[in-house]
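To keep things clear, I will list the structure first and then write my remarks on it.
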Amino acid sequence: MLSTPAVAGVTADPLARLRMVSSVMVIAVIAGMIALVTLIVVVFLIPAVAPAAIVPKVMPFGLTEITPRARLLGFLVLCVPIGLYLYGLNEVRRLFRQYSAGEVLTLGAASRLKRIAWAAIAGAIMRPPTMRGLFFALSIDQPDAELRLPIVTTADLTFLLFGFLLLAIGWAMSEAVRIAEEHRQFV
Amino acid sequence: MPGVELSLPLSAASRLARLARVMEVVTTVGIALIVILVAVALVIPDWTRAIALAKLGQAGIALPITPLGQAVAGLVLAIPIGVMICGLFAARRMFSEFSHGEIFSERAARHLQTFAATVLAQGPLGPLTAAGFSAALSLGNPPGQRALTIAFSINDYFALIVGGVLFAAATVMREAARLADEHKGFV
């Protein structure tokens with residue numbers, strides 16, 4: 001395992017900035033997780049707020065009215081991807097917490113990178129069917145409504161690419177840490 | 001400092017090299033797809049409308065799609081897309097390094113840092129692009145009815161988080177490369 005105390009022996013902790021930024025990122029991720037859940041609950045489960053505050057990705061469908069039944073169905077459709085996003089964000093939070101504690105090149109950190117990668121890949125794959133499902137849920141009481149959003153966006157493609165990129169990095173890191181650990185035990 | 005020899009064993013290295021070669025192709029195809037899709041979307045009015053809906057939500061429905069608006073909107077979109085393509089080229093160079101067995105090298109880490117920076121930049125660029133896009137399309141409206149719409153998407157937040165994770169991973173890789181070099185020099 002390579003952690004910053006070992007690195008500190010070589011120079012004056014070159015990962016100090018990473019540790020500091022990671023502490024800030026932990027807070028940013030927690031704030032994002034809370035905001036995400038609050039936004040979804042407020043938009044879908046509190047009807048008095050929903051018509052004005054509904055998120056841009058929900059209203060592009062061009063629906064003029066969203067009934068309480070449609071709103072509840074929409075919430076149920078979103079539960080799965082939101083659960084996945086929260087899982088991914090929680091892994092990101094734990095990764096940054098490890099980095100801020102100085103655990104940098106460890107098997108745990110590499111495994112977390114791989115889990116984040118899988119969450120990003122799954123999220124990118126799930127997004128088009130989720131948008132379709134959300135449209136059908138929200139337009140359940142408007143049979144004439146027409147879906148005008150593109151099926152796949154460039155954001156889906158780039159997030160898919162991020163996922164595979166992270167997977168390759170996480171995999172390379174876990175292999176490298178394993179070798180470093182073996183060498184350390186051998187010496 | 002013993003135990004920090006970060007080269008992969010042959011089987012792991014060849015597997016990673018294979019994965020990297022596949023990713024090089026995937027990244028190249030991704031770059032081509034993004035360029036083609038965006039270019040086509042700015043020529044076909046229905047697709048331009050779809051981008052407007054995706055970026056601006058409800059506000060995108062009413063905006064006129066005119067040739068002048070499409071041309072200016074194309075210039076606006078060229079900024080985030082250009083930044084993203086620069087990043088994807090950096091990612092492609094990184095995979096090329098990986099495929100040649102250069103995993104924990106200073107150059108591979110630098111390419112990853114460039115890619116991470118371009119992903120991070122998508123966060124603030126998202127709302128700015130949406131504003132510019134709405135202003136460009138509203139050029140088709142008579143004076144006095146032109147509008148500037150600011151829209152935030154969850155993708156902007158995810159870009160910040162994913163960019164942060166990639167940047168942290170790049171910093172770790174850079175440090176690992178430095179340590180491996182030092183170790184090599186020491187031996």
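To be explicit about the labels: the chains of the structure tokens are called A, B, and onward in the order shown, and within each one the residues are counted from 1, while ligands get numbers from 1 in the order they are shown.
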
Exercise. DSSP says helix (DSSP H, G or I) for which residues of segment 3-106 of chain B? Put them as number ranges by chain?
Worked result: B: 10-41, 45-56, 59-62, 67-99, 106

Exercise. Got a sec: who's within 10 Å of Met84 of chain B, counting only C-alpha atoms, leaving out chain neighbours fewer than 3 positions off, as a ChimeraX atom specification?
Worked result: /A:158 /B:31,34,78-81,87-90,115-122

Those selected residues, please, written with C-alpha atoms and delivered as a PDB file, in the first residue's frame.
```pdb
ATOM      1  CA  THR A 158     -19.465  10.839 -23.250  1.00  0.00           C
TER       2      THR A 158
ATOM      3  CA  ILE B  31     -15.173  11.713 -31.486  1.00  0.00           C
ATOM      4  CA  ILE B  34     -20.112  13.531 -31.672  1.00  0.00           C
ATOM      5  CA  ALA B  78     -18.699  24.578 -31.031  1.00  0.00           C
ATOM      6  CA  ILE B  79     -17.128  25.839 -27.771  1.00  0.00           C
ATOM      7  CA  PRO B  80     -18.138  23.028 -25.350  1.00  0.00           C
ATOM      8  CA  ILE B  81     -17.953  20.427 -28.114  1.00  0.00           C
ATOM      9  CA  GLY B  87     -10.237  16.132 -24.045  1.00  0.00           C
ATOM     10  CA  LEU B  88     -11.189  13.027 -26.000  1.00  0.00           C
ATOM     11  CA  PHE B  89      -8.042  13.359 -28.121  1.00  0.00           C
ATOM     12  CA  ALA B  90      -6.045  13.515 -24.879  1.00  0.00           C
ATOM     13  CA  PHE B 115      -9.027  15.030 -20.245  1.00  0.00           C
ATOM     14  CA  ALA B 116     -10.162  15.574 -16.631  1.00  0.00           C
ATOM     15  CA  ALA B 117      -9.794  19.349 -17.009  1.00  0.00           C
ATOM     16  CA  THR B 118     -11.983  19.330 -20.135  1.00  0.00           C
ATOM     17  CA  VAL B 119     -14.638  17.268 -18.321  1.00  0.00           C
ATOM     18  CA  LEU B 120     -14.532  19.676 -15.350  1.00  0.00           C
ATOM     19  CA  ALA B 121     -14.916  22.600 -17.768  1.00  0.00           C
ATOM     20  CA  GLN B 122     -18.214  21.122 -19.041  1.00  0.00           C
TER      21      GLN B 122
END
```

Problem set entry | 9 Å contact set for segment 148-153 of chain B, only C-alpha atoms, chain neighbours under 3 positions out, as a PyMOL selection string | (chain A and resi 55-57) or (chain B and resi 55-57+59+126-136+138+156-157)

Exercise. So which residues touch segment 82-91 of chain A within 8 Å, counting only C-alpha atoms, skipping near sequence neighbours fewer than 6 positions away, as an MDAnalysis selection string?
Worked result: chainID A and resid 29 33 112 115:116 119:120 123

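With atom CA of Leu53 of chain B on one side and atom CA of Ile66 of chain A on the other, the separation reads 17.6 Å.
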
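Distances from A:Ala168, A:Ile46, A:Met20, A:Ile30 to Phe75 of chain A were compared using only C-alpha atoms, and the smallest one belongs to A:Ile46.
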
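Taking only C-alpha atoms into account, Glu175 of chain B lies nearest to A:Val104 out of the set A:Met131, A:Ala109, A:Ala35, A:Val104.
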
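Atom CA of Ala62 of chain B lies 22.2 Å from atom CA of Leu134 of chain A.
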